[in-house]
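Content type mmCIF, C-alpha atoms, from the file query_32.cif:
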```cif
data_target
loop_
_atom_site.label_atom_id
_atom_site.label_comp_id
_atom_site.auth_asym_id
_atom_site.auth_seq_id
_atom_site.Cartn_x
_atom_site.Cartn_y
_atom_site.Cartn_z
CA MET Z 47 69.82 -36.29 -39.34
CA ALA Z 48 71.73 -33.26 -40.62
CA THR Z 49 71.98 -29.74 -39.27
CA SER Z 50 72.88 -26.39 -40.74
CA GLU Z 51 76.26 -25.03 -39.74
CA ARG Z 52 76.51 -21.72 -37.89
CA PRO Z 53 78.54 -20.20 -35.10
CA SER Z 54 77.38 -21.06 -31.60
CA ALA Z 55 75.35 -18.28 -30.01
CA ARG Z 56 75.42 -17.12 -26.43
CA VAL Z 57 72.10 -17.65 -24.68
CA ASP Z 58 70.91 -15.26 -21.98
CA PHE Z 59 68.85 -17.38 -19.61
CA ASP Z 60 67.96 -14.31 -17.56
CA ARG Z 61 65.72 -13.11 -20.39
CA PRO Z 62 62.61 -15.02 -21.44
CA SER Z 63 62.46 -16.83 -24.76
CA PHE Z 64 59.17 -17.52 -26.48
CA ALA Z 65 60.30 -21.07 -27.28
CA ARG Z 66 60.96 -21.70 -23.60
CA VAL Z 67 57.75 -19.99 -22.44
CA SER Z 68 55.83 -22.18 -24.89
CA ASP Z 69 57.64 -25.20 -23.48
CA ALA Z 70 56.60 -24.16 -19.96
CA LEU Z 71 52.98 -23.78 -21.11
CA LEU Z 72 53.08 -27.35 -22.39
CA GLY Z 73 54.53 -28.63 -19.12
CA GLY Z 74 58.02 -29.20 -20.51
CA GLN Z 75 61.36 -29.03 -18.71
CA ASN Z 76 63.31 -26.85 -21.16
CA ASN Z 77 62.66 -23.53 -19.43
CA TYR Z 78 64.19 -21.28 -16.79
CA GLU Z 79 63.02 -18.91 -14.08
CA ALA Z 80 62.70 -15.96 -16.47
CA ASP Z 81 60.39 -18.06 -18.65
CA ARG Z 82 58.40 -19.37 -15.71
CA ALA Z 83 57.93 -15.79 -14.48
CA VAL Z 84 56.23 -15.00 -17.80
CA LEU Z 85 54.16 -18.16 -17.46
CA ARG Z 86 52.91 -17.03 -14.06
CA GLN Z 87 51.84 -13.70 -15.54
CA ILE Z 88 49.99 -15.48 -18.33
CA LEU Z 89 48.21 -17.70 -15.83
CA ASP Z 90 47.11 -14.65 -13.86
CA ILE Z 91 45.22 -13.51 -16.96
CA ALA Z 92 44.18 -16.85 -18.43
CA PRO Z 93 44.43 -19.88 -16.11
CA GLU Z 94 43.31 -22.05 -19.04
CA ALA Z 95 46.30 -21.01 -21.18
CA PRO Z 96 48.11 -24.38 -20.85
CA ALA Z 97 45.00 -26.18 -22.11
CA MET Z 98 44.85 -23.76 -25.04
CA ALA Z 99 48.52 -24.41 -25.82
CA ARG Z 100 47.66 -28.11 -26.03
CA GLU Z 101 44.67 -27.31 -28.27
CA MET Z 102 47.00 -25.47 -30.64
CA ARG Z 103 49.40 -28.39 -30.61
CA GLN Z 104 46.62 -30.84 -31.38
CA TRP Z 105 45.50 -28.65 -34.28
CA LEU Z 106 48.96 -29.07 -35.77
CA VAL Z 107 48.87 -32.83 -35.24
CA ARG Z 108 45.52 -33.15 -37.04
CA ALA Z 109 46.58 -30.87 -39.89
CA VAL Z 110 49.84 -32.73 -40.53
CA ARG Z 111 48.04 -36.06 -40.28
CA TYR Z 112 45.43 -34.90 -42.81
CA LEU Z 113 48.04 -33.76 -45.30
CA THR Z 114 50.14 -36.89 -44.94
CA GLU Z 115 47.42 -39.54 -44.74
CA ARG Z 116 44.75 -38.05 -47.01
CA LEU Z 117 46.65 -35.83 -49.44
CA GLY Z 118 49.96 -37.70 -49.74
CA VAL Z 119 52.25 -34.84 -48.73
CA ASP Z 120 55.65 -36.34 -47.93
CA GLN Z 121 57.80 -33.33 -47.00
CA PHE Z 122 57.26 -30.59 -44.44
CA VAL Z 123 58.98 -27.41 -43.30
CA ASP Z 124 58.11 -26.50 -39.70
CA LEU Z 125 59.05 -22.86 -39.11
CA GLY Z 126 59.74 -21.64 -35.58
CA SER Z 127 59.19 -25.16 -34.37
CA GLY Z 128 60.30 -24.63 -30.77
CA PHE Z 129 61.35 -27.39 -28.40
CA PRO Z 130 60.49 -30.99 -29.29
CA THR Z 131 57.42 -32.19 -27.41
CA VAL Z 132 54.93 -35.02 -27.79
CA GLU Z 133 53.66 -35.77 -31.31
CA ASN Z 134 56.07 -33.57 -33.21
CA THR Z 135 55.59 -32.92 -36.92
CA HIS Z 136 58.06 -35.61 -38.00
CA GLN Z 137 56.50 -38.21 -35.69
CA VAL Z 138 53.03 -37.57 -37.09
CA ALA Z 139 54.12 -37.49 -40.73
CA GLN Z 140 56.42 -40.51 -40.45
CA LYS Z 141 53.70 -42.54 -38.76
CA TYR Z 142 51.85 -42.53 -42.08
CA ASN Z 143 54.90 -42.34 -44.35
CA PRO Z 144 58.14 -43.53 -42.72
CA GLU Z 145 60.16 -41.76 -45.42
CA ALA Z 146 58.46 -38.37 -45.08
CA HIS Z 147 61.08 -35.62 -44.87
CA VAL Z 148 60.71 -32.93 -42.21
CA VAL Z 149 62.88 -29.85 -41.72
CA TYR Z 150 62.57 -27.93 -38.46
CA VAL Z 151 63.61 -24.28 -38.59
CA ASP Z 152 64.46 -22.40 -35.39
CA ASP Z 153 67.22 -19.90 -34.62
CA ASP Z 154 67.16 -20.52 -30.87
CA PRO Z 155 70.50 -22.31 -30.26
CA VAL Z 156 69.12 -24.26 -27.30
CA VAL Z 157 66.20 -25.53 -29.40
CA GLU Z 158 68.65 -26.49 -32.13
CA ALA Z 159 70.89 -28.38 -29.70
CA HIS Z 160 67.95 -30.32 -28.25
CA GLY Z 161 66.75 -31.15 -31.75
CA ARG Z 162 70.16 -32.44 -32.79
CA ALA Z 163 70.35 -34.71 -29.76
CA LEU Z 164 66.86 -36.16 -30.23
CA LEU Z 165 67.03 -36.63 -33.99
CA VAL Z 166 70.54 -37.98 -34.40
CA ASP Z 167 69.29 -41.38 -35.64
CA ASN Z 168 66.54 -40.07 -37.95
CA ASP Z 169 67.80 -39.77 -41.53
CA PHE Z 170 64.61 -38.11 -42.76
CA THR Z 171 64.43 -35.27 -40.22
CA HIS Z 172 66.70 -32.24 -40.18
CA ILE Z 173 67.35 -29.05 -38.23
CA CYS Z 174 67.97 -25.71 -39.94
CA GLY Z 175 69.22 -23.04 -37.51
CA THR Z 176 68.16 -19.99 -39.50
CA ASP Z 177 65.75 -17.19 -38.63
CA PRO Z 178 62.28 -18.41 -39.66
CA LEU Z 179 61.29 -14.79 -40.31
CA ASN Z 180 64.03 -14.51 -42.96
CA PRO Z 181 62.60 -16.45 -45.94
CA GLY Z 182 65.62 -16.01 -48.22
CA GLU Z 183 68.16 -17.38 -45.76
CA THR Z 184 65.81 -20.10 -44.55
CA LEU Z 185 64.79 -21.36 -47.99
CA THR Z 186 68.47 -21.68 -48.96
CA GLY Z 187 69.05 -23.82 -45.88
CA VAL Z 188 65.88 -25.87 -46.30
CA ALA Z 189 66.72 -26.65 -49.94
CA ARG Z 190 69.61 -28.80 -48.73
CA TYR Z 191 67.18 -31.31 -47.30
CA ILE Z 192 63.95 -31.25 -49.32
CA ASP Z 193 63.04 -30.75 -52.97
CA LEU Z 194 61.38 -27.35 -53.29
CA ASP Z 195 60.26 -28.28 -56.81
CA ARG Z 196 57.86 -30.81 -55.27
CA PRO Z 197 54.79 -30.07 -53.09
CA ALA Z 198 55.50 -29.57 -49.39
CA GLY Z 199 53.62 -28.60 -46.26
CA LEU Z 200 54.70 -25.27 -44.75
CA VAL Z 201 53.94 -25.00 -41.02
CA LEU Z 202 53.59 -21.54 -39.45
CA CYS Z 203 52.14 -22.29 -36.03
CA GLY Z 204 52.24 -19.17 -33.87
CA VAL Z 205 55.15 -17.61 -35.77
CA VAL Z 206 54.10 -14.47 -37.66
CA ASP Z 207 52.21 -13.50 -34.49
CA HIS Z 208 55.58 -12.12 -33.39
CA ILE Z 209 55.86 -9.62 -36.25
CA ALA Z 210 54.26 -6.39 -35.11
CA ASP Z 211 53.77 -4.90 -38.58
CA LEU Z 212 50.98 -6.65 -40.50
CA GLN Z 213 52.39 -5.87 -43.95
CA GLN Z 214 55.76 -7.28 -42.97
CA ALA Z 215 54.09 -10.43 -41.63
CA GLN Z 216 52.08 -10.77 -44.85
CA GLN Z 217 55.26 -10.43 -46.90
CA VAL Z 218 56.98 -13.20 -44.94
CA VAL Z 219 54.10 -15.60 -45.61
CA LYS Z 220 53.89 -14.52 -49.26
CA SER Z 221 57.63 -15.07 -49.76
CA TYR Z 222 57.46 -18.60 -48.43
CA ALA Z 223 54.29 -19.52 -50.31
CA GLY Z 224 55.69 -18.10 -53.54
CA ALA Z 225 58.83 -20.21 -53.25
CA LEU Z 226 57.00 -23.52 -52.86
CA ALA Z 227 55.85 -25.74 -55.69
CA PRO Z 228 52.22 -25.62 -56.85
CA GLY Z 229 50.21 -28.14 -54.86
CA SER Z 230 52.02 -27.28 -51.64
CA TYR Z 231 50.06 -26.38 -48.51
CA LEU Z 232 50.20 -23.61 -45.93
CA LEU Z 233 49.32 -24.63 -42.36
CA LEU Z 234 48.93 -21.40 -40.39
CA LEU Z 235 47.78 -20.86 -36.82
CA HIS Z 236 47.69 -17.34 -35.38
CA ARG Z 237 46.66 -15.76 -32.10
CA HIS Z 238 43.36 -13.93 -32.43
CA ASN Z 239 41.40 -11.07 -30.87
CA PRO Z 240 37.68 -11.32 -31.76
CA LEU Z 241 37.35 -7.57 -31.10
CA ASP Z 242 33.86 -7.90 -29.67
CA ALA Z 243 32.26 -7.31 -26.30
CA THR Z 244 33.26 -10.71 -24.94
CA GLU Z 245 35.66 -11.92 -22.29
CA ALA Z 246 37.72 -13.53 -25.07
CA ALA Z 247 38.52 -10.10 -26.52
CA THR Z 248 39.46 -8.80 -23.08
CA VAL Z 249 41.73 -11.80 -22.47
CA ALA Z 250 43.38 -11.45 -25.90
CA ALA Z 251 44.10 -7.75 -25.35
CA ALA Z 252 45.48 -8.41 -21.87
CA LEU Z 253 47.73 -11.22 -23.09
CA GLU Z 254 49.08 -9.11 -25.96
CA ASP Z 255 49.87 -6.31 -23.53
CA ARG Z 256 51.53 -8.63 -21.02
CA PHE Z 257 53.67 -10.36 -23.63
CA GLY Z 258 54.79 -6.96 -24.88
CA ARG Z 259 55.77 -5.86 -21.38
CA THR Z 260 57.98 -8.94 -21.01
CA GLY Z 261 59.79 -8.23 -24.29
CA LEU Z 262 58.03 -11.02 -26.20
CA GLU Z 263 56.20 -9.11 -28.93
CA THR Z 264 52.98 -10.96 -29.80
CA ARG Z 265 50.04 -9.80 -31.87
CA TYR Z 266 46.49 -11.06 -31.34
CA ARG Z 267 45.06 -10.06 -34.72
CA ALA Z 268 41.54 -9.61 -36.06
CA GLU Z 269 40.01 -12.39 -38.15
CA ALA Z 270 40.23 -10.35 -41.37
CA GLU Z 271 43.94 -9.72 -40.76
CA ILE Z 272 44.63 -13.42 -40.21
CA ALA Z 273 42.54 -14.31 -43.27
CA SER Z 274 44.76 -12.01 -45.35
CA PHE Z 275 47.64 -14.47 -44.97
CA PHE Z 276 45.65 -16.87 -47.16
CA ASP Z 277 45.00 -14.36 -49.97
CA GLY Z 278 45.45 -16.06 -53.35
CA LEU Z 279 45.43 -19.54 -51.81
CA ASP Z 280 42.69 -22.18 -51.76
CA LEU Z 281 41.53 -22.51 -48.16
CA LEU Z 282 40.43 -26.05 -47.29
CA GLU Z 283 37.30 -26.86 -45.31
CA PRO Z 284 36.35 -26.04 -42.61
CA GLY Z 285 38.09 -22.73 -43.35
CA LEU Z 286 39.68 -20.37 -40.83
CA VAL Z 287 38.40 -21.51 -37.45
CA ALA Z 288 39.32 -21.88 -33.79
CA PRO Z 289 41.75 -24.81 -33.34
CA HIS Z 290 39.21 -27.10 -31.67
CA LEU Z 291 36.86 -26.75 -34.67
CA TRP Z 292 39.38 -27.88 -37.31
CA TRP Z 293 38.38 -31.52 -37.99
CA PRO Z 294 38.15 -32.57 -34.31
CA ASP Z 295 38.81 -36.21 -33.48
CA GLY Z 296 35.56 -36.58 -31.58
CA PRO Z 297 33.06 -34.83 -29.32
CA ARG Z 298 34.48 -32.19 -27.02
CA LEU Z 299 34.77 -33.38 -23.42
CA ALA Z 300 35.98 -30.19 -21.72
CA PRO Z 301 33.92 -26.99 -21.56
CA LEU Z 302 34.99 -24.09 -23.76
CA THR Z 303 36.54 -21.05 -22.08
CA PRO Z 304 37.20 -17.52 -23.40
CA VAL Z 305 40.81 -18.39 -24.21
CA ASN Z 306 39.57 -20.98 -26.72
CA ARG Z 307 38.56 -18.06 -28.95
CA THR Z 308 42.04 -16.50 -28.95
CA ALA Z 309 43.50 -18.36 -31.95
CA LEU Z 310 42.46 -19.15 -35.51
CA GLY Z 311 43.94 -21.74 -37.85
CA GLY Z 312 43.55 -22.84 -41.42
CA VAL Z 313 45.12 -25.00 -44.12
CA ALA Z 314 45.30 -23.80 -47.71
CA ARG Z 315 46.53 -25.22 -51.01
CA ILE Z 316 49.06 -23.16 -52.92
CA PRO Z 317 47.89 -23.10 -56.57
#
```

Is it possible to give me this structure as structure tokens?
Amino acid sequence: MATSERPSARVDFDRPSFARVSDALLGGQNNYEADRAVLRQILDIAPEAPAMAREMRQWLVRAVRYLTERLGVDQFVDLGSGFPTVENTHQVAQKYNPEAHVVYVDDDPVVEAHGRALLVDNDFTHICGTDPLNPGETLTGVARYIDLDRPAGLVLCGVVDHIADLQQAQQVVKSYAGALAPGSYLLLLHRHNPLDATEAATVAAALEDRFGRTGLETRYRAEAEIASFFDGLDLLEPGLVAPHLWWPDGPRLAPLTPVNRTALGGVARIP
């Protein structure tokens, strides 16, 4: 495994980090009291939020598996990857192709340090410590490890949600998609507000407000806004859907709750 070189950054553990809050939602250990305080606020609004976090993770697992096993994609860039957890992108891809290359991109120095420690013996998996919302800097770093002239899978799982301005978020996605070879794929999952008279819309609005109050800017966007990230791309079946509807592994065993409608994901081919 290789890593990008950059100066060490000071981490303020008294302020929440979205990577650490996400880790807490998934039941991980890489979080601190400031992060757990945010988790408690989330649970006050949506007690099912940890289950939804797992749903989103399983969406990613199925999407990476589909691209690797069915479509032969053998290199991935996972932007804003967060802390390693169970069934990470490289573990899924390398299960079907042991030589699949995966680059994780995250500018959280604690995430980067954990990644280095866990991936030290994996020659096909790399860490790039750049800002995933800075395509120019990130693509330069990623190009050290994968061939951008060949098709790749670009993972944006809950990343552009943290850009408040829609046009800026669209430009980030467009910049990445435009830099990848034809035949590459965009895997994008985004938090969603159905904007209807349902409890799901109420929950989405409350979560967006609460995240904002904690300093963790997060947008729960309308379906049309999320669909705009796929403009000019060829969206694969079953289209832009809630995570649990994207090629599920089997019948659903747990009942659906309003929070299950607060994310949409899709996979699209870059022509």

- Item | Residue contacts of Pro289 in chain Z (12 Å, only C-alpha atoms) excluding same-chain residues fewer than 3 positions away, as a ChimeraX atom specification | /Z:97-109,203-204,233-238,284-286,292-295,302,305-313

- With all atoms listed in the file as the basis for distance, which of Z:Val166, Z:Leu113, Z:Val249, Z:Val67 is at the shortest distance from Tyr231 in chain Z?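 Looking only at the distances to Tyr231 in chain Z, the closest residue turns out to be Z:Leu113.
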
- Message: Which residues are near range 75-82 of chain Z? Cut-off 6 Å, all atoms listed in the file, ignore same chain within fewer than 6 positions. Put them as a ChimeraX atom specification.
- Response: /Z:60-62,66-67

- Message: Between CA of Thr176 in chain Z and CA of Val151 in chain Z, what distance in Å does the model show, to one decimal?
- Response: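 Distance between the two atoms: 6.3 Å.
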
- Task: Would you work out the distance separating CA of Thr260 in chain Z from CA of Pro96 in chain Z, expressed in Å to one decimal?
- Result: 18.3 Å

- Message: Which residues are close to range 189-202 of chain Z, i.e. within 6 Å by only C-alpha atoms, leaving aside same-chain residues fewer than 5 positions away? Reply as an MDAnalysis selection string.
- Response: chainID Z and resid 121:125 226:227 229:234

- Return as a PyMOL selection string the set of residues that the PyMOL selection byres ((chain Z and resi 137) around 10) yields on the displayed structure. chain Z and resi 107+110-111+132-136+138-144+146+148+171

Keeping only C-alpha atoms, write those residues as an mmCIF file, in the frame of the given file.
```
data_model
loop_
_atom_site.group_PDB
_atom_site.id
_atom_site.type_symbol
_atom_site.label_atom_id
_atom_site.label_comp_id
_atom_site.auth_asym_id
_atom_site.auth_seq_id
_atom_site.Cartn_x
_atom_site.Cartn_y
_atom_site.Cartn_z
ATOM 1 C CA VAL Z 107 48.870 -32.830 -35.240
ATOM 2 C CA VAL Z 110 49.840 -32.730 -40.530
ATOM 3 C CA ARG Z 111 48.040 -36.060 -40.280
ATOM 4 C CA VAL Z 132 54.930 -35.020 -27.790
ATOM 5 C CA GLU Z 133 53.660 -35.770 -31.310
ATOM 6 C CA ASN Z 134 56.070 -33.570 -33.210
ATOM 7 C CA THR Z 135 55.590 -32.920 -36.920
ATOM 8 C CA HIS Z 136 58.060 -35.610 -38.000
ATOM 9 C CA VAL Z 138 53.030 -37.570 -37.090
ATOM 10 C CA ALA Z 139 54.120 -37.490 -40.730
ATOM 11 C CA GLN Z 140 56.420 -40.510 -40.450
ATOM 12 C CA LYS Z 141 53.700 -42.540 -38.760
ATOM 13 C CA TYR Z 142 51.850 -42.530 -42.080
ATOM 14 C CA ASN Z 143 54.900 -42.340 -44.350
ATOM 15 C CA PRO Z 144 58.140 -43.530 -42.720
ATOM 16 C CA ALA Z 146 58.460 -38.370 -45.080
ATOM 17 C CA VAL Z 148 60.710 -32.930 -42.210
ATOM 18 C CA THR Z 171 64.430 -35.270 -40.220
#
```

- Check what the PyMOL selection byres ((chain Z and resi 126) around 12) selects in the file above and give those residues as a PyMOL selection string. chain Z and resi 64-65+68+123-125+127-130+149-154+157-158+173-181+184+200-208+234

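The space between CA of Thr248 in chain Z and CA of Glu94 in chain Z spans 14.4 Å.
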
- Message: Taking the file as I've supplied it (selection: the PyMOL selection byres ((chain Z and resi 264) around 7)), which residues are included? Please answer as a ChimeraX atom specification.
- Response: /Z:207-208,254,257-258,262-263,265-266

- Pick from Z:Val218, Z:Val119, Z:Ile316, Z:Leu253: nearest to Pro93 in chain Z, with all atoms listed in the file counted?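 Closest candidate: Z:Leu253.
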
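The smallest atom-to-atom distance between Ala314 in chain Z and any of Z:Pro301, Z:Gly296, Z:Gln213, Z:Ala223, using all atoms listed in the file, is found for Z:Ala223.
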
- Between Z:Ala215, Z:Ala163, Z:Ala247, Z:Ala225, which one has atoms that come closest to Glu271 in chain Z, using all atoms listed in the file? Z:Ala215

Rebuild range 267-293 of chain Z so that it carries N, CA and C atoms, then output the result as a PDB file, keeping the file's coordinate frame.
```pdb
ATOM      1  N   ARG Z 267      45.616 -10.822 -33.598  1.00  0.00           N
ATOM      2  CA  ARG Z 267      45.060 -10.060 -34.720  1.00  0.00           C
ATOM      3  C   ARG Z 267      43.577 -10.360 -34.938  1.00  0.00           C
ATOM      4  N   ALA Z 268      42.937  -9.439 -35.673  1.00  0.00           N
ATOM      5  CA  ALA Z 268      41.540  -9.610 -36.060  1.00  0.00           C
ATOM      6  C   ALA Z 268      41.423 -10.720 -37.095  1.00  0.00           C
ATOM      7  N   GLU Z 269      40.225 -11.290 -37.202  1.00  0.00           N
ATOM      8  CA  GLU Z 269      40.010 -12.390 -38.150  1.00  0.00           C
ATOM      9  C   GLU Z 269      40.357 -11.985 -39.577  1.00  0.00           C
ATOM     10  N   ALA Z 270      39.950 -10.790 -39.995  1.00  0.00           N
ATOM     11  CA  ALA Z 270      40.230 -10.350 -41.370  1.00  0.00           C
ATOM     12  C   ALA Z 270      41.732 -10.241 -41.612  1.00  0.00           C
ATOM     13  N   GLU Z 271      42.481  -9.819 -40.607  1.00  0.00           N
ATOM     14  CA  GLU Z 271      43.940  -9.720 -40.760  1.00  0.00           C
ATOM     15  C   GLU Z 271      44.560 -11.107 -40.901  1.00  0.00           C
ATOM     16  N   ILE Z 272      44.102 -12.053 -40.110  1.00  0.00           N
ATOM     17  CA  ILE Z 272      44.630 -13.420 -40.210  1.00  0.00           C
ATOM     18  C   ILE Z 272      44.232 -14.032 -41.548  1.00  0.00           C
ATOM     19  N   ALA Z 273      43.006 -13.780 -41.982  1.00  0.00           N
ATOM     20  CA  ALA Z 273      42.540 -14.310 -43.270  1.00  0.00           C
ATOM     21  C   ALA Z 273      43.394 -13.793 -44.420  1.00  0.00           C
ATOM     22  N   SER Z 274      43.966 -12.591 -44.268  1.00  0.00           N
ATOM     23  CA  SER Z 274      44.760 -12.010 -45.350  1.00  0.00           C
ATOM     24  C   SER Z 274      46.010 -12.822 -45.662  1.00  0.00           C
ATOM     25  N   PHE Z 275      46.480 -13.620 -44.711  1.00  0.00           N
ATOM     26  CA  PHE Z 275      47.640 -14.470 -44.970  1.00  0.00           C
ATOM     27  C   PHE Z 275      47.337 -15.553 -46.005  1.00  0.00           C
ATOM     28  N   PHE Z 276      46.063 -15.831 -46.208  1.00  0.00           N
ATOM     29  CA  PHE Z 276      45.650 -16.870 -47.160  1.00  0.00           C
ATOM     30  C   PHE Z 276      45.220 -16.285 -48.507  1.00  0.00           C
ATOM     31  N   ASP Z 277      45.402 -14.981 -48.707  1.00  0.00           N
ATOM     32  CA  ASP Z 277      45.000 -14.360 -49.970  1.00  0.00           C
ATOM     33  C   ASP Z 277      45.692 -15.052 -51.151  1.00  0.00           C
ATOM     34  N   GLY Z 278      44.905 -15.406 -52.163  1.00  0.00           N
ATOM     35  CA  GLY Z 278      45.450 -16.060 -53.350  1.00  0.00           C
ATOM     36  C   GLY Z 278      45.617 -17.550 -53.219  1.00  0.00           C
ATOM     37  N   LEU Z 279      45.316 -18.100 -52.049  1.00  0.00           N
ATOM     38  CA  LEU Z 279      45.430 -19.540 -51.810  1.00  0.00           C
ATOM     39  C   LEU Z 279      44.038 -20.147 -51.712  1.00  0.00           C
ATOM     40  N   ASP Z 280      43.970 -21.464 -51.806  1.00  0.00           N
ATOM     41  CA  ASP Z 280      42.690 -22.180 -51.760  1.00  0.00           C
ATOM     42  C   ASP Z 280      42.508 -22.770 -50.366  1.00  0.00           C
ATOM     43  N   LEU Z 281      41.722 -22.089 -49.538  1.00  0.00           N
ATOM     44  CA  LEU Z 281      41.530 -22.510 -48.160  1.00  0.00           C
ATOM     45  C   LEU Z 281      40.671 -23.774 -48.110  1.00  0.00           C
ATOM     46  N   LEU Z 282      41.163 -24.794 -47.419  1.00  0.00           N
ATOM     47  CA  LEU Z 282      40.430 -26.050 -47.290  1.00  0.00           C
ATOM     48  C   LEU Z 282      39.337 -25.929 -46.238  1.00  0.00           C
ATOM     49  N   GLU Z 283      38.318 -26.776 -46.355  1.00  0.00           N
ATOM     50  CA  GLU Z 283      37.300 -26.860 -45.310  1.00  0.00           C
ATOM     51  C   GLU Z 283      37.925 -27.378 -44.026  1.00  0.00           C
ATOM     52  N   PRO Z 284      37.498 -26.914 -42.877  1.00  0.00           N
ATOM     53  CA  PRO Z 284      36.350 -26.040 -42.610  1.00  0.00           C
ATOM     54  C   PRO Z 284      36.676 -24.546 -42.599  1.00  0.00           C
ATOM     55  N   GLY Z 285      37.750 -24.139 -43.264  1.00  0.00           N
ATOM     56  CA  GLY Z 285      38.090 -22.730 -43.350  1.00  0.00           C
ATOM     57  C   GLY Z 285      38.982 -22.266 -42.210  1.00  0.00           C
ATOM     58  N   LEU Z 286      38.891 -20.980 -41.908  1.00  0.00           N
ATOM     59  CA  LEU Z 286      39.680 -20.370 -40.830  1.00  0.00           C
ATOM     60  C   LEU Z 286      38.847 -20.402 -39.555  1.00  0.00           C
ATOM     61  N   VAL Z 287      39.229 -21.261 -38.625  1.00  0.00           N
ATOM     62  CA  VAL Z 287      38.400 -21.510 -37.450  1.00  0.00           C
ATOM     63  C   VAL Z 287      39.271 -21.631 -36.201  1.00  0.00           C
ATOM     64  N   ALA Z 288      38.617 -21.611 -35.045  1.00  0.00           N
ATOM     65  CA  ALA Z 288      39.320 -21.880 -33.790  1.00  0.00           C
ATOM     66  C   ALA Z 288      39.912 -23.291 -33.848  1.00  0.00           C
ATOM     67  N   PRO Z 289      41.069 -23.517 -33.215  1.00  0.00           N
ATOM     68  CA  PRO Z 289      41.750 -24.810 -33.340  1.00  0.00           C
ATOM     69  C   PRO Z 289      40.865 -26.019 -33.052  1.00  0.00           C
ATOM     70  N   HIS Z 290      40.006 -25.926 -32.043  1.00  0.00           N
ATOM     71  CA  HIS Z 290      39.210 -27.100 -31.670  1.00  0.00           C
ATOM     72  C   HIS Z 290      38.138 -27.428 -32.708  1.00  0.00           C
ATOM     73  N   LEU Z 291      37.882 -26.515 -33.651  1.00  0.00           N
ATOM     74  CA  LEU Z 291      36.860 -26.750 -34.670  1.00  0.00           C
ATOM     75  C   LEU Z 291      37.432 -27.311 -35.970  1.00  0.00           C
ATOM     76  N   TRP Z 292      38.767 -27.395 -36.071  1.00  0.00           N
ATOM     77  CA  TRP Z 292      39.380 -27.880 -37.310  1.00  0.00           C
ATOM     78  C   TRP Z 292      39.453 -29.409 -37.275  1.00  0.00           C
ATOM     79  N   TRP Z 293      38.479 -30.053 -37.917  1.00  0.00           N
ATOM     80  CA  TRP Z 293      38.380 -31.520 -37.990  1.00  0.00           C
ATOM     81  C   TRP Z 293      38.712 -32.186 -36.651  1.00  0.00           C
TER      82      TRP Z 293
END
```
